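**Student:** Input structure: entry-v4.pdb, which contains PDB, C-alpha atoms and all ligand atoms.
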ATOM      1  CA  MET A  11     295.026 158.252 115.190
ATOM      2  CA  THR A  12     294.362 158.778 118.892
ATOM      3  CA  LYS A  13     295.607 161.723 120.893
ATOM      4  CA  GLN A  14     297.791 159.407 122.957
ATOM      5  CA  TYR A  15     299.520 158.162 119.812
ATOM      6  CA  VAL A  16     300.225 161.717 118.632
ATOM      7  CA  MET A  17     301.875 162.481 121.966
ATOM      8  CA  GLU A  18     304.076 159.407 121.677
ATOM      9  CA  ILE A  19     305.291 160.499 118.239
ATOM     10  CA  ASP A  20     305.899 163.993 119.569
ATOM     11  CA  LYS A  21     307.996 162.616 122.394
ATOM     12  CA  LYS A  22     309.925 160.397 120.034
ATOM     13  CA  GLN A  23     310.726 163.344 117.747
ATOM     14  CA  LYS A  24     311.745 165.494 120.687
ATOM     15  CA  ILE A  25     314.111 162.821 121.988
ATOM     16  CA  GLN A  26     315.521 162.363 118.500
ATOM     17  CA  SER A  27     316.157 166.094 118.241
ATOM     18  CA  LEU A  28     317.773 166.146 121.698
ATOM     19  CA  ASP A  29     320.004 163.241 120.694
ATOM     20  CA  ASP A  30     321.047 165.160 117.576
ATOM     21  CA  GLN A  31     321.909 168.200 119.695
ATOM     22  CA  ILE A  32     323.905 166.074 122.139
ATOM     23  CA  LYS A  33     325.834 164.607 119.222
ATOM     24  CA  VAL A  34     326.670 168.052 117.830
ATOM     25  CA  LEU A  35     327.633 169.350 121.280
ATOM     26  CA  SER A  36     329.837 166.400 122.111
ATOM     27  CA  GLU A  37     331.619 166.715 118.786
ATOM     28  CA  GLU A  38     332.261 170.366 119.621
ATOM     29  CA  LYS A  39     333.558 169.313 123.045
ATOM     30  CA  VAL A  40     335.903 166.725 121.511
ATOM     31  CA  LEU A  41     337.159 169.354 119.074
ATOM     32  CA  LEU A  42     337.887 171.799 121.892
ATOM     33  CA  GLN A  43     339.554 169.075 123.934
ATOM     34  CA  SER A  44     341.753 168.131 121.005
ATOM     35  CA  THR A  45     343.163 171.664 120.887
ATOM     36  CA  CYS A  46     343.997 171.630 124.612
ATOM     37  CA  ASN A  47     347.450 170.801 125.966
ATOM     38  CA  HIS A  48     346.074 169.383 129.227
ATOM     39  CA  ASN A  49     348.664 171.229 131.278
ATOM     40  CA  GLU A  50     346.938 170.938 134.622
ATOM     41  CA  SER A  51     344.969 167.993 135.937
ATOM     42  CA  LYS A  52     342.558 167.356 138.761
ATOM     43  CA  VAL A  53     341.246 164.215 140.461
ATOM     44  CA  LYS A  54     337.523 163.544 140.127
ATOM     45  CA  PHE A  55     335.160 160.611 140.438
ATOM     46  CA  GLU A  56     334.189 159.223 137.077
ATOM     47  CA  ASN A  57     330.496 159.999 136.406
ATOM     48  CA  GLY A  58     328.245 157.518 138.157
ATOM     49  CA  THR A  59     331.101 155.464 139.575
ATOM     50  CA  ASN A  60     333.400 155.557 142.565
ATOM     51  CA  THR A  61     336.463 155.266 140.369
ATOM     52  CA  MET A  62     338.855 158.170 140.744
ATOM     53  CA  LYS A  63     340.330 159.462 137.518
ATOM     54  CA  LEU A  64     342.502 162.293 136.377
ATOM     55  CA  TYR A  65     340.883 165.056 134.339
ATOM     56  CA  CYS A  66     342.255 168.121 132.625
ATOM     57  CA  LYS A  67     341.465 171.249 134.656
ATOM     58  CA  GLU A  68     340.808 173.265 131.554
ATOM     59  CA  CYS A  69     338.806 171.060 129.197
ATOM     60  CA  ASP A  70     337.645 168.291 131.543
ATOM     61  CA  LYS A  71     339.017 165.516 129.355
ATOM     62  CA  GLU A  72     339.965 162.269 131.056
ATOM     63  CA  VAL A  73     343.754 162.106 130.992
ATOM     64  CA  GLY A  74     344.487 159.023 133.072
ATOM     65  CA  TYR A  75     344.547 157.668 136.572
ATOM     66  CA  PRO A  76     345.736 159.567 139.643
ATOM     67  CA  SER A  77     348.859 158.521 141.527
ATOM     68  CA  GLN A  78     348.726 157.337 145.136
ATOM     69  CA  SER A  79     349.762 160.776 146.383
ATOM     70  CA  GLN A  80     347.136 162.514 144.242
ATOM     71  CA  ILE A  81     344.453 160.158 145.587
ATOM     72  CA  LYS A  82     345.598 160.859 149.142
ATOM     73  CA  GLU A  83     345.492 164.581 148.530
ATOM     74  CA  PHE A  84     342.042 164.320 146.948
ATOM     75  CA  LEU A  85     340.602 162.371 149.864
ATOM     76  CA  THR A  86     341.921 164.609 152.589
TER
HETATM   77 ZN    ZN A 101     342.754 169.793 128.457
END
Would you mind writing the structure in this file as structure tokens?
**Tutor:**
Amino acid sequence: MTKQYVMEIDKKQKIQSLDDQIKVLSEEKVLLQSTCNHNESKVKFENGTNTMKLYCKECDKEVGYPSQSQIKEFLT
């Protein structure tokens, strides 16, 4: 087994462990979001896109699309 190969395995395991952590964290996030009433919302660009969406101010969950007046307010 070459040194290079060992490093590749190491990287693979690290990524696997990071993926596991992300999974646990996102489940925790979903759980928190499910206990939220989404009383207040804010307009924000969806990650990596130029689509404007409506998110809960408190838990950051996507709650829908903004109205024309909310878009106008957001852009000014
Ligand atoms: Zn919420």
**Student:** Choose the residue, out of A:Tyr75, A:Glu56, A:Gln43, A:Leu64, that has the smallest atom-to-atom separation from ligand ZN 101 (chain A); count only C-alpha atoms and all ligand atoms.
**Tutor:** A:Gln43
**Student:** Starting from the shown file, work through the PyMOL selection byres (((not hetatm)) within 12 of (chain A and resi 101)) and note down what comes out as a list in words.
**Tutor:**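 So the PyMOL selection byres (((not hetatm)) within 12 of (chain A and resi 101)), applied here, picks out Lys39, Val40, Leu41, Leu42, Gln43, Ser44, Thr45, Cys46, Asn47, His48, Asn49, Glu50, Ser51, Lys52, Leu64, Tyr65, Cys66, Lys67, Glu68, Cys69, Asp70, Lys71, Glu72, Val73 and Gly74 of chain A.
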**Student:** Using all atoms listed in the file, what table do you get, as a Markdown table, when you list each residue of stretch 25-59 of chain A with an atom no more than 12 Å from stretch 16-21 of chain A, its nearest pair of atoms, and their distance in Å rounded to one decimal, rows by chain then rising number?
**Tutor:**
| residue | atom | partner | partner_atom | distance |
| --- | --- | --- | --- | --- |
| A:Ile25 | CA | A:Lys21 | CA | 6.1 |
| A:Gln26 | CA | A:Lys21 | CA | 8.5 |
| A:Ser27 | CA | A:Lys21 | CA | 9.8 |
| A:Leu28 | CA | A:Lys21 | CA | 10.4 |
**Student:** Up to 6 Å from (338.3, 161.3, 143.9) in the file's coordinates: name the residues, counting all atoms listed in the file, as a PDB file with C-alpha atoms, keeping the file's coordinate frame.
**Tutor:**
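What ended up in part36.pdb:
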ATOM      1  CA  VAL A  53     341.246 164.215 140.461  1.00  0.00           C
ATOM      2  CA  LYS A  54     337.523 163.544 140.127  1.00  0.00           C
ATOM      3  CA  PHE A  55     335.160 160.611 140.438  1.00  0.00           C
ATOM      4  CA  MET A  62     338.855 158.170 140.744  1.00  0.00           C
ATOM      5  CA  PHE A  84     342.042 164.320 146.948  1.00  0.00           C
TER       6      PHE A  84
END
**Student:** Report as lines of an AutoDock Vina configuration file the centre and the edge lengths, in Å to one decimal, of the axis-aligned box holding every listed atom of stretch 29-48 of chain A, padded by 5 Å on each side.
**Tutor:**
center_x = 333.7
center_y = 167.5
center_z = 123.4
size_x = 37.4
size_y = 18.6
size_z = 21.7
